[in-house]
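Presented below is the structure to which this report refers.
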Amino acid sequence: MKNLFYLLAIFSLLISCVSRKNQAIQQNILTLKDSYCKAPFKYDFINKLPSYNSDSILTANKELKNVLSEQSILILNALNNLDEVYKIIALKKDSSIASQLKVLQLKGKINNKIAISLTELDAVAAEFDCEGERVEQIENYVNDLNNSRNNKMILYSIITGAAASIAGGIIKSDGWSNAIDIGGGALGAGFGLATLNPKGKKVEFIHKRNLLRDIWRGKLESSNFPPFIWYMYTERRFSSMETKSIIANIKEIWLNYQFDGNKEAADQSVIFSDGGIYRADDLHSRASMLNQMQSATRKINQNISYLLLDLDRLIL
């Protein structure tokens with residue numbers, strides 16, 4: 001009986017520790033039900049999306065192909081800076097100090113637009129990063145719940161087995177002893193099987209501003225992204241695979257790897273809603289998708305870098 005008492009005491013202590021931990025997590029989880037990653041105020045972008053008729057733009061500016069790449073021409077068009085480029089080309093024919101100063105002024109105007117686009121890229125990438133961190137915090141919380149539940153079931157199984165063994169040794173009747181052994185073994189096995197729950201715990205997770213929903217729907221406009229960034233996402237010529245845009249490639253990856261090719265399941269997924277009930281697998285998928293979009297956003301910096309190199313060659 002003394003052994004059983006000790007086991008029960010240890011079990012009670014462990015359960016108490018788990019409960020206190022879960023209470024602390026539950027208090028913190030309340031701060032994660034509304035995103036702290038969104039901007040403190042909504043900025044109304046005045047710029048409209050540039051034309052998606054890239055072939056027409058390149059044809060209309062074919063004389064620039066001698067000094068600029070096609071991607072650079074399209075980016076400058078998106079930034080409304082093609083006029084400055086034509087003026088620079090004309091001024092370079094005059095080697096006077098006045099012309100050189102004017103060229104520098106025009107280049108400064110272009111650089112200001114590029115600087116704004118770079119800050120927009122950083123802001124969007126930072127929000128994806130922040131949202132990914134927020135999801136991982138929730139995922140850790142759910143994993144802790146699942147681990148705590150499994151630990152409880154394991155402890156129940158150990159206590160049940162120990163109690164049955166001790167009781168079987170105390171009771172002299174062979175019939176009752178066998179019954180206790182069988183019953184204790186069955187109950188302990190039941191607790192063990194309970195740890196195999198494939199779905200596990202769930203949690204309510206809210207994200208009314210859902211950047212992933214805009215990506216999945218893939219419309220020509222999005223109020224949650226700066227127009228320039230959305231243009232870079234959706235114009236196929238800025239993708240490493242020019243047959244599809246950046247977000248078209250991303251969506252195909254999501255469909256195949258996150259939803260096993262089931263578009264209907266993807267359309268109805270909580271990931272693309274205002275939020276709802278999440279399980280650990282859903283949270284893991286959302287975190288992965290946010291990280292992919294963060295990487296895709298930062299990769300646009302390569303296009304901007306090539307543009308800056310083209311502009312330097314243009315000025316020389």
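Labeling convention for the structure tokens: chains A, B, ... as they appear, residues from 1 per chain, ligands from 1 in order of appearance.
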
Would you list the contacts of stretch 115-131 of chain A as a list in words, taking every protein, DNA or RNA residue within 9 Å and counting only C-alpha atoms, but skipping same-chain residues closer than 4 positions in sequence?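 Contacts, in chain order: Ser35, Tyr36, Cys37, Lys38, Ala39, Leu79, Ile110, Asn111, Val135, Glu136, Leu211, Phe225, Pro226, Phe228, Ile229, Ala287, Leu290, Asn291, Met293, Gln294, Ser295, Ala296, Thr297, Arg298, Ile300, Asn301 and Ile304 of chain A.
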
What's around stretch 251-259 of chain A at 12 Å? Count only C-alpha atoms, leave out sequence neighbours fewer than 5 positions away in its own chain, and write the answer as an NGL selection string. :A and (212-218 or 233-234 or 244-246 or 264-269 or 271-272 or 281-290 or 292-293 or 296)

Please produce a file of the residues just selected, as a compact mmCIF listing (two decimals), in the first residue's frame, where the atoms kept are N, CA, C and O atoms.
```txt
# COMPACT_ATOMS: atom_id res chain seq x y z
N LEU A 212 -2.73 35.34 -46.69
CA LEU A 212 -2.71 34.11 -47.48
C LEU A 212 -3.98 33.95 -48.31
O LEU A 212 -3.96 33.37 -49.39
N ARG A 213 -5.10 34.48 -47.81
CA ARG A 213 -6.35 34.40 -48.57
C ARG A 213 -6.23 35.18 -49.88
O ARG A 213 -6.68 34.73 -50.94
N ASP A 214 -5.61 36.37 -49.82
CA ASP A 214 -5.41 37.17 -51.03
C ASP A 214 -4.55 36.42 -52.04
O ASP A 214 -4.82 36.45 -53.25
N ILE A 215 -3.51 35.77 -51.54
CA ILE A 215 -2.63 35.00 -52.43
C ILE A 215 -3.39 33.85 -53.07
O ILE A 215 -3.29 33.61 -54.28
N TRP A 216 -4.18 33.14 -52.28
CA TRP A 216 -4.90 31.98 -52.80
C TRP A 216 -5.95 32.38 -53.84
O TRP A 216 -6.12 31.71 -54.86
N ARG A 217 -6.65 33.47 -53.58
CA ARG A 217 -7.68 33.91 -54.54
C ARG A 217 -7.04 34.48 -55.80
O ARG A 217 -7.62 34.37 -56.88
N GLY A 218 -5.87 35.09 -55.68
CA GLY A 218 -5.09 35.51 -56.84
C GLY A 218 -5.78 36.49 -57.76
O GLY A 218 -5.63 36.41 -58.98
N TYR A 233 4.07 40.30 -57.78
CA TYR A 233 3.56 38.95 -57.51
C TYR A 233 2.86 38.35 -58.72
O TYR A 233 2.96 37.14 -58.96
N THR A 234 2.12 39.15 -59.43
CA THR A 234 1.16 38.63 -60.40
C THR A 234 1.58 38.78 -61.86
O THR A 234 0.92 38.22 -62.74
N LYS A 244 4.35 31.28 -65.57
CA LYS A 244 3.43 31.50 -64.45
C LYS A 244 3.98 32.57 -63.54
O LYS A 244 5.20 32.71 -63.40
N SER A 245 3.07 33.31 -62.90
CA SER A 245 3.49 34.35 -61.97
C SER A 245 4.01 33.74 -60.68
O SER A 245 3.90 32.53 -60.45
N ILE A 246 4.56 34.60 -59.82
CA ILE A 246 5.09 34.13 -58.54
C ILE A 246 4.01 33.44 -57.73
O ILE A 246 4.19 32.34 -57.22
N GLU A 264 -11.02 21.69 -53.66
CA GLU A 264 -12.22 21.96 -52.87
C GLU A 264 -11.88 22.04 -51.38
O GLU A 264 -12.35 22.94 -50.66
N ALA A 265 -11.02 21.14 -50.92
CA ALA A 265 -10.59 21.17 -49.52
C ALA A 265 -9.79 22.43 -49.23
O ALA A 265 -9.94 23.03 -48.16
N ALA A 266 -8.99 22.85 -50.20
CA ALA A 266 -8.20 24.07 -50.02
C ALA A 266 -9.11 25.30 -49.93
O ALA A 266 -8.93 26.16 -49.07
N ASP A 267 -10.10 25.37 -50.82
CA ASP A 267 -11.02 26.52 -50.82
C ASP A 267 -11.79 26.63 -49.51
O ASP A 267 -12.12 27.73 -49.07
N GLN A 268 -12.06 25.50 -48.89
CA GLN A 268 -12.84 25.49 -47.65
C GLN A 268 -11.96 25.47 -46.40
O GLN A 268 -12.48 25.46 -45.28
N SER A 269 -10.65 25.51 -46.58
CA SER A 269 -9.74 25.40 -45.45
C SER A 269 -9.84 26.63 -44.54
O SER A 269 -10.01 27.76 -45.00
N ILE A 271 -7.48 27.94 -43.19
CA ILE A 271 -6.28 28.74 -43.44
C ILE A 271 -6.61 29.98 -44.27
O ILE A 271 -6.00 31.04 -44.09
N PHE A 272 -7.60 29.88 -45.17
CA PHE A 272 -7.93 31.00 -46.05
C PHE A 272 -9.20 31.74 -45.60
O PHE A 272 -9.77 32.52 -46.36
N ASP A 281 -1.73 20.22 -37.20
CA ASP A 281 -1.35 20.06 -38.61
C ASP A 281 -1.70 21.31 -39.42
O ASP A 281 -0.92 21.74 -40.29
N ASP A 282 -2.89 21.89 -39.15
CA ASP A 282 -3.30 23.11 -39.86
C ASP A 282 -2.36 24.27 -39.53
O ASP A 282 -1.99 25.05 -40.41
N LEU A 283 -1.98 24.37 -38.27
CA LEU A 283 -1.08 25.44 -37.85
C LEU A 283 0.29 25.27 -38.50
O LEU A 283 0.91 26.25 -38.93
N HIS A 284 0.75 24.03 -38.58
CA HIS A 284 2.04 23.77 -39.22
C HIS A 284 1.99 24.16 -40.69
O HIS A 284 2.94 24.77 -41.22
N SER A 285 0.89 23.85 -41.36
CA SER A 285 0.73 24.19 -42.78
C SER A 285 0.71 25.71 -42.96
O SER A 285 1.36 26.24 -43.86
N ARG A 286 -0.03 26.40 -42.10
CA ARG A 286 -0.11 27.86 -42.22
C ARG A 286 1.26 28.50 -42.01
O ARG A 286 1.65 29.42 -42.75
N ALA A 287 2.00 28.04 -41.02
CA ALA A 287 3.33 28.59 -40.76
C ALA A 287 4.24 28.37 -41.97
O ALA A 287 5.00 29.27 -42.37
N SER A 288 4.17 27.19 -42.56
CA SER A 288 4.99 26.88 -43.74
C SER A 288 4.63 27.79 -44.91
O SER A 288 5.52 28.29 -45.61
N MET A 289 3.35 28.03 -45.13
CA MET A 289 2.90 28.87 -46.24
C MET A 289 3.32 30.33 -46.04
O MET A 289 3.72 31.01 -46.99
N LEU A 290 3.26 30.81 -44.81
CA LEU A 290 3.70 32.17 -44.52
C LEU A 290 5.20 32.32 -44.76
O LEU A 290 5.65 33.33 -45.32
N GLN A 292 6.97 30.58 -46.88
CA GLN A 292 7.19 30.53 -48.33
C GLN A 292 6.92 31.91 -48.95
O GLN A 292 7.66 32.35 -49.83
N MET A 293 5.87 32.58 -48.49
CA MET A 293 5.56 33.90 -49.03
C MET A 293 6.59 34.94 -48.60
O MET A 293 6.91 35.86 -49.36
N ALA A 296 9.43 34.38 -50.99
CA ALA A 296 9.08 34.85 -52.33
C ALA A 296 9.12 36.38 -52.40
O ALA A 296 9.53 36.96 -53.42
```

Do you have the atom CA of A:Glu84-atom CA of A:Tyr231 distance handy?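 Atom CA of A:Tyr231 lies at a distance of 20.9 Å from atom CA of A:Glu84.
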
Nearest to A:Asn143: which of A:Leu316, A:Pro50, A:Gly108, A:Ala280 is it, counting only C-alpha atoms?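 Among the listed residues, A:Ala280 lies closest to A:Asn143.
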